[in-house]
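Trainee: model-v1.txt is reproduced in full below (compact mmCIF, C-alpha atoms).
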# COMPACT_ATOMS: atom_id res chain seq x y z
CA MET U 1 -84.27 90.22 -183.04
CA PHE U 2 -82.86 88.51 -186.14
CA ARG U 3 -79.80 87.43 -184.14
CA VAL U 4 -82.06 85.88 -181.51
CA TYR U 5 -83.84 83.79 -184.16
CA GLU U 6 -80.46 82.82 -185.61
CA SER U 7 -79.41 81.57 -182.16
CA ILE U 8 -82.64 79.57 -181.77
CA LEU U 9 -82.20 77.89 -185.17
CA PHE U 10 -78.56 77.10 -184.36
CA CYS U 11 -79.54 75.45 -181.04
CA VAL U 12 -82.23 73.35 -182.75
CA TRP U 13 -79.77 72.27 -185.46
CA LEU U 14 -77.09 71.45 -182.89
CA PHE U 15 -79.29 69.19 -180.78
CA THR U 16 -80.94 67.44 -183.73
CA SER U 17 -77.52 66.63 -185.16
CA LEU U 18 -76.45 64.77 -182.02
CA ILE U 19 -76.58 60.97 -182.03
CA VAL U 20 -79.45 60.15 -179.71
CA GLU U 21 -79.40 57.24 -177.33
CA GLY U 22 -82.63 55.58 -176.37
CA SER U 23 -83.06 52.50 -174.19
CA VAL U 24 -80.46 51.31 -176.66
CA HIS U 25 -77.42 52.87 -174.98
CA GLU U 26 -74.60 53.32 -177.48
CA TYR U 27 -70.94 53.65 -176.56
CA LYS U 28 -68.79 55.23 -179.24
CA GLY U 29 -65.22 55.64 -178.12
CA GLU U 30 -66.11 56.30 -174.45
CA ARG U 31 -62.94 56.83 -172.42
CA PHE U 32 -62.36 55.64 -168.87
CA VAL U 33 -62.14 58.33 -166.20
CA GLY U 34 -60.18 57.95 -162.97
CA LYS U 35 -62.39 57.68 -159.86
CA GLY U 36 -60.41 56.98 -156.71
CA ASN U 37 -58.20 53.98 -157.48
CA ALA U 38 -60.44 52.75 -160.34
CA PHE U 39 -61.05 53.78 -163.96
CA VAL U 40 -64.73 54.09 -164.84
CA VAL U 41 -67.18 54.56 -167.73
CA HIS U 42 -70.82 55.11 -166.77
CA GLY U 43 -72.92 52.81 -168.94
CA GLY U 44 -76.37 54.00 -167.87
CA SER U 45 -78.90 54.29 -165.03
CA GLU U 46 -82.57 53.42 -165.48
CA GLY U 47 -85.56 52.42 -163.42
CA ILE U 48 -86.65 48.93 -164.49
CA TYR U 49 -89.76 47.04 -163.39
CA SER U 50 -89.46 43.35 -162.55
CA SER U 51 -90.01 40.86 -165.36
CA ALA U 52 -93.49 39.37 -165.60
CA SER U 53 -92.07 36.04 -166.80
CA GLU U 54 -89.31 33.81 -165.49
CA ASN U 55 -87.31 33.53 -168.70
CA VAL U 56 -85.94 36.22 -170.96
CA ASN U 57 -87.66 35.89 -174.32
CA GLU U 58 -85.30 37.78 -176.60
CA LYS U 59 -86.84 36.34 -179.80
CA SER U 60 -90.27 37.86 -179.16
CA VAL U 61 -91.15 40.55 -181.71
CA LEU U 62 -93.41 42.38 -179.26
CA PRO U 63 -91.73 45.01 -177.02
CA ALA U 64 -94.53 44.66 -174.44
CA ASN U 65 -93.99 40.93 -173.91
CA GLY U 66 -93.59 41.04 -170.12
CA ASP U 67 -89.79 40.60 -170.15
CA SER U 68 -87.38 43.04 -168.57
CA TYR U 69 -83.64 42.75 -169.01
CA ILE U 70 -80.33 44.45 -169.71
CA ARG U 71 -78.65 42.95 -172.76
CA PHE U 72 -75.01 43.45 -173.76
CA GLU U 73 -74.37 43.47 -177.52
CA LYS U 74 -70.95 43.61 -179.18
CA ILE U 75 -69.25 45.41 -176.28
CA THR U 76 -65.56 45.76 -177.09
CA PHE U 77 -62.64 47.42 -175.32
CA GLN U 78 -59.97 48.80 -177.63
CA ARG U 79 -56.43 49.91 -176.91
CA THR U 80 -53.73 51.41 -179.10
CA GLN U 81 -50.75 49.56 -180.59
CA GLU U 82 -48.44 51.53 -178.31
CA PHE U 83 -49.96 49.97 -175.17
CA SER U 84 -50.57 46.45 -176.47
CA ASN U 85 -47.33 44.64 -175.58
CA PHE U 86 -48.57 43.21 -172.28
CA SER U 87 -51.35 41.13 -170.80
CA SER U 88 -53.77 43.11 -168.65
CA GLY U 89 -56.04 42.67 -165.68
CA LEU U 90 -59.78 42.35 -166.12
CA VAL U 91 -61.94 45.08 -167.64
CA GLN U 92 -65.26 44.45 -165.91
CA ALA U 93 -68.92 45.32 -166.36
CA ILE U 94 -70.83 45.69 -163.10
CA VAL U 95 -74.62 45.97 -162.87
CA PHE U 96 -76.24 46.69 -159.51
CA GLU U 97 -79.48 47.99 -158.04
CA VAL U 98 -79.12 51.31 -156.21
CA GLU U 99 -79.89 49.76 -152.81
CA ASP U 100 -76.87 47.47 -153.26
CA ARG U 101 -74.42 50.33 -153.89
CA GLU U 102 -72.71 49.74 -150.52
CA SER U 103 -71.77 46.23 -151.69
CA ILE U 104 -69.35 47.81 -154.17
CA GLY U 105 -65.92 48.76 -152.81
CA GLY U 106 -64.38 48.38 -149.37
CA SER U 107 -61.57 49.48 -147.07
CA ALA U 108 -58.84 47.80 -145.05
CA TYR U 109 -58.68 48.44 -141.29
CA GLY U 110 -61.24 51.26 -141.54
CA GLY U 111 -59.14 53.28 -143.98
CA GLN U 112 -60.16 55.11 -147.14
CA ARG U 113 -62.80 53.31 -149.20
CA ALA U 114 -61.52 51.83 -152.46
CA VAL U 115 -63.27 50.32 -155.49
CA CYS U 116 -60.31 48.25 -156.65
CA CYS U 117 -58.88 45.53 -154.46
CA THR U 118 -55.67 46.71 -152.81
CA ALA U 119 -52.77 44.61 -151.51
CA ASP U 120 -53.98 45.04 -147.91
CA LEU U 121 -57.48 43.84 -148.78
CA ALA U 122 -56.08 40.93 -150.78
CA LYS U 123 -54.06 39.84 -147.71
CA LEU U 124 -57.32 39.74 -145.75
CA GLY U 125 -58.68 37.31 -148.38
CA VAL U 126 -61.77 39.38 -149.20
CA CYS U 127 -60.90 39.99 -152.86
CA SER U 128 -58.34 39.44 -155.61
CA GLU U 129 -55.82 42.22 -156.08
CA GLY U 130 -56.47 44.35 -159.16
CA GLU U 131 -60.16 43.43 -159.44
CA ILE U 132 -63.35 45.28 -158.48
CA ILE U 133 -64.43 44.73 -154.87
CA HIS U 134 -68.00 43.47 -154.60
CA ARG U 135 -69.99 41.46 -152.07
CA PRO U 136 -73.24 39.51 -152.58
CA SER U 137 -76.40 41.51 -151.96
CA THR U 138 -78.34 40.64 -148.81
CA LYS U 139 -81.63 41.68 -150.45
CA ASN U 140 -81.25 40.39 -154.00
CA PRO U 141 -79.54 36.96 -154.37
CA GLY U 142 -77.15 36.74 -157.31
CA TRP U 143 -76.50 40.47 -157.39
CA PRO U 144 -74.52 42.55 -158.23
CA GLN U 145 -73.78 41.07 -161.64
CA VAL U 146 -70.06 41.27 -162.44
CA PHE U 147 -68.24 39.84 -165.44
CA GLY U 148 -65.28 40.89 -167.53
CA VAL U 149 -62.57 40.21 -170.06
CA ALA U 150 -58.79 40.69 -170.18
CA PHE U 151 -56.35 41.72 -172.92
CA TYR U 152 -53.72 39.21 -173.98
CA ALA U 153 -50.28 40.37 -175.10
CA ASP U 154 -50.36 42.21 -178.48
CA GLU U 155 -54.18 42.07 -178.50
CA LEU U 156 -55.79 45.39 -179.50
CA VAL U 157 -59.43 44.43 -178.94
CA ALA U 158 -61.04 42.52 -176.08
CA THR U 159 -64.68 41.51 -176.55
CA LEU U 160 -67.06 41.21 -173.63
CA PRO U 161 -69.21 38.05 -173.85
CA SER U 162 -72.77 38.74 -175.03
CA LYS U 163 -75.08 38.45 -172.07
CA SER U 164 -78.70 39.10 -171.06
CA ILE U 165 -79.44 39.89 -167.42
CA GLN U 166 -83.03 39.28 -166.40
CA ILE U 167 -84.51 41.80 -163.96
CA SER U 168 -86.52 40.00 -161.28
CA ARG U 169 -86.79 42.91 -158.83
CA THR U 170 -88.11 46.43 -159.52
CA GLY U 171 -85.53 49.14 -158.85
CA MET U 172 -83.05 51.68 -160.18
CA TYR U 173 -80.27 49.82 -161.97
CA ASN U 174 -76.81 51.14 -162.73
CA LEU U 175 -74.16 49.92 -165.16
CA TYR U 176 -70.47 50.78 -164.96
CA PHE U 177 -67.49 49.53 -166.93
CA MET U 178 -64.42 49.49 -164.66
CA HIS U 179 -60.82 48.39 -164.53
CA CYS U 180 -57.95 48.81 -162.08
CA ASP U 181 -54.96 48.77 -164.45
CA PRO U 182 -53.27 52.21 -164.91
CA ASN U 183 -51.70 50.89 -168.14
CA LEU U 184 -55.20 50.70 -169.68
CA LYS U 185 -56.06 54.37 -169.21
CA GLU U 186 -56.24 54.90 -173.01
CA VAL U 187 -58.77 52.10 -173.53
CA VAL U 188 -62.14 53.05 -175.09
CA VAL U 189 -65.54 51.29 -175.02
CA GLU U 190 -67.56 50.47 -178.16
CA GLY U 191 -70.90 48.72 -178.58
CA ASN U 192 -74.33 49.02 -177.00
CA THR U 193 -76.59 47.76 -174.26
CA ILE U 194 -80.37 47.35 -174.47
CA TRP U 195 -82.49 48.12 -171.41
CA LYS U 196 -86.06 46.85 -171.51
CA ASN U 197 -89.11 47.06 -169.24
CA PRO U 198 -92.05 44.59 -169.31
CA SER U 199 -94.21 47.07 -171.25
CA GLY U 200 -91.55 48.08 -173.78
CA TYR U 201 -88.33 50.03 -174.08
CA LEU U 202 -89.34 53.16 -172.14
CA PRO U 203 -87.20 53.69 -169.02
CA GLY U 204 -88.98 53.28 -165.69
CA ARG U 205 -89.54 56.99 -165.06
CA MET U 206 -91.01 57.49 -168.54
CA ALA U 207 -93.24 54.40 -168.74
CA PRO U 208 -96.25 55.90 -166.87
CA LEU U 209 -96.02 59.15 -168.87
CA MET U 210 -97.11 57.59 -172.17
CA LYS U 211 -100.62 56.95 -170.78
CA PHE U 212 -100.59 60.41 -169.17
CA TYR U 213 -99.84 62.14 -172.49
CA GLY U 214 -102.49 60.03 -174.22
CA PHE U 215 -105.06 61.17 -171.66
CA MET U 216 -103.91 64.80 -171.93
CA SER U 217 -104.15 64.66 -175.74
CA LEU U 218 -107.78 63.57 -175.43
CA ALA U 219 -108.46 66.24 -172.78
CA PHE U 220 -107.02 68.99 -175.02
CA VAL U 221 -109.10 67.77 -177.98
CA ILE U 222 -112.29 68.01 -175.86
CA LEU U 223 -111.27 71.45 -174.55
CA GLY U 224 -110.40 72.57 -178.10
CA LEU U 225 -113.74 71.43 -179.52
CA PHE U 226 -115.64 73.32 -176.81
CA TRP U 227 -113.51 76.47 -177.14
CA PHE U 228 -113.58 76.57 -180.94
CA SER U 229 -117.35 76.05 -180.98
CA GLN U 230 -117.78 79.06 -178.68
CA TYR U 231 -115.20 81.00 -180.68
CA ALA U 232 -117.13 80.40 -183.92
CA ARG U 233 -120.42 81.25 -182.20
CA PHE U 234 -119.26 84.63 -180.85
CA TRP U 235 -116.55 85.44 -183.39
CA LYS U 236 -117.78 89.05 -183.83
CA GLU U 237 -117.20 89.73 -180.12
CA VAL U 238 -113.77 88.11 -179.79
CA PHE U 239 -111.05 90.18 -178.06
CA PRO U 240 -107.38 90.02 -179.16
CA LEU U 241 -106.51 88.29 -175.86
CA GLN U 242 -108.96 85.52 -176.69
CA ASN U 243 -107.05 84.94 -179.93
CA CYS U 244 -103.95 84.37 -177.77
CA ILE U 245 -105.88 81.87 -175.61
CA THR U 246 -106.93 80.06 -178.79
CA LEU U 247 -103.26 79.88 -179.78
CA VAL U 248 -102.30 78.45 -176.36
CA ILE U 249 -104.98 75.72 -176.61
CA THR U 250 -103.89 74.84 -180.16
CA LEU U 251 -100.23 74.63 -179.11
CA GLY U 252 -101.24 72.45 -176.15
CA MET U 253 -103.04 70.03 -178.46
CA PHE U 254 -99.97 69.71 -180.69
CA GLU U 255 -97.59 69.45 -177.72
CA MET U 256 -99.48 66.59 -176.03
CA ALA U 257 -99.96 64.73 -179.32
CA PHE U 258 -96.24 64.97 -180.18
CA TRP U 259 -95.20 63.84 -176.68
CA TYR U 260 -97.52 60.82 -176.94
CA PHE U 261 -96.14 59.84 -180.38
CA ASP U 262 -92.58 60.43 -179.10
CA TYR U 263 -93.07 58.05 -176.17
CA ALA U 264 -95.01 55.49 -178.23
CA GLU U 265 -92.25 55.32 -180.87
CA PHE U 266 -89.56 55.18 -178.19
CA ASN U 267 -91.41 52.37 -176.37
CA GLU U 268 -91.80 50.38 -179.59
CA THR U 269 -88.27 50.64 -181.01
CA GLY U 270 -85.96 51.56 -178.12
CA ILE U 271 -84.66 54.52 -180.13
CA ARG U 272 -85.97 57.98 -179.32
CA PRO U 273 -87.19 59.81 -182.47
CA THR U 274 -85.21 63.05 -182.46
CA GLY U 275 -87.47 65.00 -184.81
CA ILE U 276 -90.68 64.29 -182.87
CA THR U 277 -88.96 65.10 -179.56
CA VAL U 278 -87.72 68.47 -180.85
CA TRP U 279 -91.19 69.37 -182.15
CA ALA U 280 -92.81 68.38 -178.83
CA VAL U 281 -90.29 70.47 -176.90
CA THR U 282 -90.72 73.47 -179.24
CA PHE U 283 -94.54 73.45 -179.17
CA GLY U 284 -94.46 73.17 -175.36
CA THR U 285 -91.95 75.99 -174.98
CA ILE U 286 -93.94 78.32 -177.27
CA LYS U 287 -97.12 77.45 -175.36
CA ARG U 288 -95.58 78.28 -171.98
CA SER U 289 -94.06 81.51 -173.29
CA VAL U 290 -97.34 82.71 -174.84
CA ALA U 291 -99.32 81.69 -171.72
CA ARG U 292 -97.05 83.78 -169.49
CA LEU U 293 -97.34 86.78 -171.80
CA VAL U 294 -101.14 86.47 -171.89
CA ILE U 295 -101.33 86.47 -168.07
CA LEU U 296 -98.93 89.40 -167.92
CA MET U 297 -101.00 91.43 -170.43
CA VAL U 298 -104.23 90.65 -168.57
CA SER U 299 -102.55 91.75 -165.33
CA MET U 300 -101.59 95.05 -166.97
CA GLY U 301 -105.26 95.64 -167.78
CA TYR U 302 -104.87 95.27 -171.54
CA GLY U 303 -108.34 95.57 -173.07
CA VAL U 304 -109.84 96.65 -169.72
CA VAL U 305 -108.20 99.84 -168.42
CA ARG U 306 -105.84 100.41 -171.35
CA PRO U 307 -106.49 99.82 -175.08
CA THR U 308 -102.81 99.14 -175.85
CA LEU U 309 -99.64 98.31 -173.95
CA GLY U 310 -97.94 101.40 -175.36
CA GLY U 311 -94.23 101.55 -174.61
CA LEU U 312 -94.38 98.28 -172.67
CA THR U 313 -94.98 96.19 -175.81
CA SER U 314 -91.27 95.85 -176.69
CA LYS U 315 -90.36 94.98 -173.07
CA VAL U 316 -93.07 92.31 -172.86
CA LEU U 317 -91.97 90.79 -176.19
CA LEU U 318 -88.30 90.86 -175.12
CA VAL U 319 -89.07 88.98 -171.89
CA GLY U 320 -91.18 86.46 -173.84
CA VAL U 321 -88.48 85.78 -176.44
CA THR U 322 -85.78 85.51 -173.74
CA PHE U 323 -87.90 83.04 -171.76
CA PHE U 324 -88.53 81.01 -174.93
CA VAL U 325 -84.81 80.76 -175.78
CA ALA U 326 -83.79 79.80 -172.21
CA SER U 327 -86.61 77.23 -171.89
CA GLU U 328 -86.02 75.77 -175.35
CA VAL U 329 -82.33 75.13 -174.67
CA LEU U 330 -83.09 73.60 -171.24
CA GLU U 331 -85.80 71.31 -172.62
CA LEU U 332 -83.65 70.22 -175.57
CA VAL U 333 -80.79 69.29 -173.25
CA GLU U 334 -83.16 67.51 -170.88
CA ASN U 335 -85.13 65.52 -173.47
CA VAL U 336 -82.90 65.10 -176.54
CA GLY U 337 -80.06 62.73 -175.75
CA ALA U 338 -79.29 59.90 -173.35
CA VAL U 339 -82.21 58.52 -171.36
CA SER U 340 -80.45 57.58 -168.14
CA ASP U 341 -82.81 58.27 -165.24
CA LEU U 342 -80.15 60.26 -163.37
CA SER U 343 -79.94 63.93 -164.36
CA GLY U 344 -76.55 65.38 -165.24
CA LYS U 345 -74.92 68.16 -163.24
CA ALA U 346 -74.52 70.25 -166.40
CA LYS U 347 -78.25 70.95 -166.38
CA LEU U 348 -78.05 73.20 -163.31
CA PHE U 349 -76.66 76.26 -165.12
CA LEU U 350 -79.48 75.94 -167.68
CA VAL U 351 -82.20 75.69 -165.00
CA LEU U 352 -81.13 78.89 -163.23
CA PRO U 353 -81.90 81.35 -166.09
CA VAL U 354 -85.38 79.81 -166.54
CA ALA U 355 -86.05 79.96 -162.79
CA PHE U 356 -84.86 83.59 -162.64
CA LEU U 357 -87.05 84.61 -165.60
CA ASP U 358 -90.06 82.80 -164.11
CA ALA U 359 -89.59 84.64 -160.80
CA PHE U 360 -89.17 87.97 -162.63
CA ILE U 361 -92.37 87.42 -164.65
CA ILE U 362 -94.35 86.44 -161.52
CA ILE U 363 -93.21 89.58 -159.67
CA TRP U 364 -94.04 91.73 -162.72
CA ILE U 365 -97.50 90.09 -162.95
CA PHE U 366 -98.39 90.85 -159.32
CA LYS U 367 -97.05 94.41 -159.49
CA SER U 368 -99.15 94.99 -162.62
CA LEU U 369 -102.19 93.42 -160.96
CA SER U 370 -101.83 95.72 -157.98
CA ALA U 371 -101.75 98.80 -160.26
CA THR U 372 -104.74 97.55 -162.30
CA LEU U 373 -106.81 96.87 -159.16
CA SER U 374 -106.08 100.41 -157.93
CA LYS U 375 -107.22 101.90 -161.26
CA LEU U 376 -110.44 99.85 -161.29
CA GLN U 377 -111.21 100.88 -157.71
CA ALA U 378 -110.54 104.57 -158.48
CA ARG U 379 -112.85 104.44 -161.51
CA ARG U 380 -115.49 102.49 -159.52
CA MET U 381 -115.66 99.71 -162.12
CA MET U 382 -116.96 97.25 -159.50
CA VAL U 383 -117.86 94.32 -161.79
CA LYS U 384 -114.43 94.25 -163.42
CA LEU U 385 -112.80 94.86 -160.01
CA ASP U 386 -114.53 91.73 -158.65
CA ILE U 387 -113.37 89.68 -161.66
CA TYR U 388 -109.77 90.87 -161.21
CA ARG U 389 -109.81 90.06 -157.50
CA LYS U 390 -110.89 86.51 -158.27
CA PHE U 391 -108.19 86.36 -160.96
CA THR U 392 -105.60 87.52 -158.38
CA ASN U 393 -106.72 84.87 -155.88
CA ALA U 394 -106.48 82.17 -158.55
CA LEU U 395 -102.94 83.27 -159.42
CA VAL U 396 -101.89 83.25 -155.74
CA VAL U 397 -103.18 79.68 -155.36
CA ALA U 398 -101.39 78.63 -158.57
CA VAL U 399 -98.07 80.11 -157.39
CA ILE U 400 -98.38 78.45 -153.94
CA VAL U 401 -99.15 75.06 -155.54
CA SER U 402 -96.22 75.51 -157.95
CA VAL U 403 -93.77 76.39 -155.16
CA GLY U 404 -95.10 73.49 -153.07
CA TRP U 405 -94.54 71.09 -155.96
CA ILE U 406 -90.99 72.37 -156.47
CA CYS U 407 -90.25 71.84 -152.75
CA TYR U 408 -91.71 68.31 -152.96
CA GLU U 409 -89.48 67.50 -155.97
CA ILE U 410 -86.39 68.84 -154.15
Kindly transcribe the structure held in the file into structure tokens.

Mentor:
Amino acid sequence: MFRVYESILFCVWLFTSLIVEGSVHEYKGERFVGKGNAFVVHGGSEGIYSSASENVNEKSVLPANGDSYIRFEKITFQRTQEFSNFSSGLVQAIVFEVEDRESIGGSAYGGQRAVCCTADLAKLGVCSEGEIIHRPSTKNPGWPQVFGVAFYADELVATLPSKSIQISRTGMYNLYFMHCDPNLKEVVVEGNTIWKNPSGYLPGRMAPLMKFYGFMSLAFVILGLFWFSQYARFWKEVFPLQNCITLVITLGMFEMAFWYFDYAEFNETGIRPTGITVWAVTFGTIKRSVARLVILMVSMGYGVVRPTLGGLTSKVLLVGVTFFVASEVLELVENVGAVSDLSGKAKLFLVLPVAFLDAFIIIWIFKSLSATLSKLQARRMMVKLDIYRKFTNALVVAVIVSVGWICYEI
């Protein structure tokens, strides 16, 4: 058990020590990766709502000033002395809305699609050889936005011009840094970009959640006041399971409050507060773990047909701790770090253990419920049998809704 807690503390330390990107996307020595015939660095992907005003007001001190833009600040491309004795082609930044993705790249005579302009395409006059192929959007005039800079001979650093791109159309926007010169494969990107929505720095998918967590914080406070008043009123008759429910409600209050403060701070500054995020994730993970164990113990008839769990106590605790560790790692990876709206592929192998444990706990719950119902029927405890049947029906509905929601998300 001590080793498990050591692992949890190590994971928390590891993720809190990472440099966190918010809507301020930082690039610290990012290397270009070969994709087809181009070399690429992914600069970010976020949902951005259209600007409420016609001009970008960068001097405004209020984050929620109605402006939405992507701003490039001190973006530099650096190469080593060894590869600096020549002039290079352009290193370009390209910003496009997801619906315009087909306007990037092309092919000659129906051949393989390329991102960089080839000799055959250059002969057709559709692009300049060695540059990124792009065509004007039919839906969004002036897009995609493409600009770049080249290295001169013996120059180690090329600086991209500072630029603010106003967002006039709501959508999912993507930024890539690209070049087509194989001699620049050792080049790295430094600097940052700032992505802003009209209401602040929260990315598009997160913006509505700040109000949601504010509402949920209030709802948990109201629920907590009602529950604690009843708890104090009937404290002499409280069962151990009701102490666990009290813990779940308390954890829920803290979780929602921390998520709200996390999003509010992020929206105000553009930098996600690592400490608050980790606390929100941890409170939420503990709450979900305890809630599952409470339902499992109720299903086993704890306090109804059996006074203790007996030999099952260690197994129940082991499943709870395992679920907590798996969920904590998944939530830390998902919430602490870059805020691009596109999920990374690396998350899949972290989702699977949580999904497997959830399925295992659900099966265990229903098997335990079946055994408890049989015992209540055999002992003719009809009032408790009726309560447990209603509890079973409620769980079935909850599982169906949960599976339906998962299918909808897929």

Trainee: Which residues are close to U:Lys185, i.e. within 10 Å by only C-alpha atoms, leaving aside same-chain residues fewer than 6 positions away? Reply as number ranges by chain.

Mentor: U: 31-34, 39-40, 79, 83, 179

Trainee: Name the closest residue to U:Thr269 among the candidates U:Leu202, U:Val333, U:Ala38, U:Ile245; distances are taken between atoms, counting all atoms listed in the file.

Mentor: U:Leu202

Trainee: With a distance cut-off of 12 Å and only C-alpha atoms, select the neighbouring residues of stretch 300-312 of chain U, excluding the residue or stretch itself and same-chain residues fewer than 5 positions from it, and output the selection as a ChimeraX atom specification.

Mentor: /U:238-242,293-295,317-319,364-381,383-385,387-388,391

Trainee: Do you know which residues lie at most 12 Å from (-79.2, 48.5, -156.8), with coordinates as in the file and all atoms listed in the file counted, and could you write them as a PyMOL selection string?

Mentor: chain U and resi 45-48+94-104+136-145+167+169-175

Trainee: Calculated over only C-alpha atoms, which of the candidates U:Lys315, U:Leu395, U:Asp262, U:Gly224 has the smallest distance to U:Ser299?

Mentor: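 Of U:Lys315, U:Leu395, U:Asp262, U:Gly224, the one nearest U:Ser299 is U:Leu395, counting only C-alpha atoms.
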
Trainee: Taking all atoms listed in the file into account, name the residue in U:Phe261, U:Tyr152, U:Phe360, U:Tyr49 that is nearest to U:Tyr213.

Mentor: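 Among U:Phe261, U:Tyr152, U:Phe360, U:Tyr49, it is U:Phe261 that comes nearest to U:Tyr213.
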
Trainee: Mind pulling up the distance from atom CA of U:Ile70 to atom CA of U:Ser199?

Mentor: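 Taking atom CA of U:Ser199 as the start and atom CA of U:Ile70 as the end point, the length is 14.2 Å.
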
Trainee: Quick one: of U:Leu160, U:Val189, U:Leu332, U:Ile406, who's nearest to U:Val278, counting only C-alpha atoms?

Mentor: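 Smallest separation from U:Val278 among the options: U:Leu332.
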
Trainee: For a quick check of understanding, using all atoms listed in the file, which of U:Asn197, U:Glu129, U:Cys244, U:Ser164 has the smallest distance to U:Arg288?

Mentor: U:Cys244

Trainee: Between atom CA of U:Ala153 and atom CA of U:Ser128, what is the distance in Å, rounded to a tenth?

Mentor: 21.1 Å

Trainee: Set the distance at 12 Å and use all atoms listed in the file: which residues neighbour U:Ala122 once local chain neighbours fewer than 3 positions away are removed? I'd like the list as a list in words.

Mentor: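 Here the answer would be Gly106, Ser107, Ala108, Cys116, Cys117, Thr118, Ala119, Gly125, Val126, Cys127, Ser128, Glu129, Gly130, Glu131, Ile132 and Ile133 of chain U.
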
Trainee: My list of candidates is U:Ser314, U:Ser289, U:Asn37, U:Ser162. Which is closest to U:Thr193 when distances are computed with all atoms listed in the file?

Mentor: U:Ser162
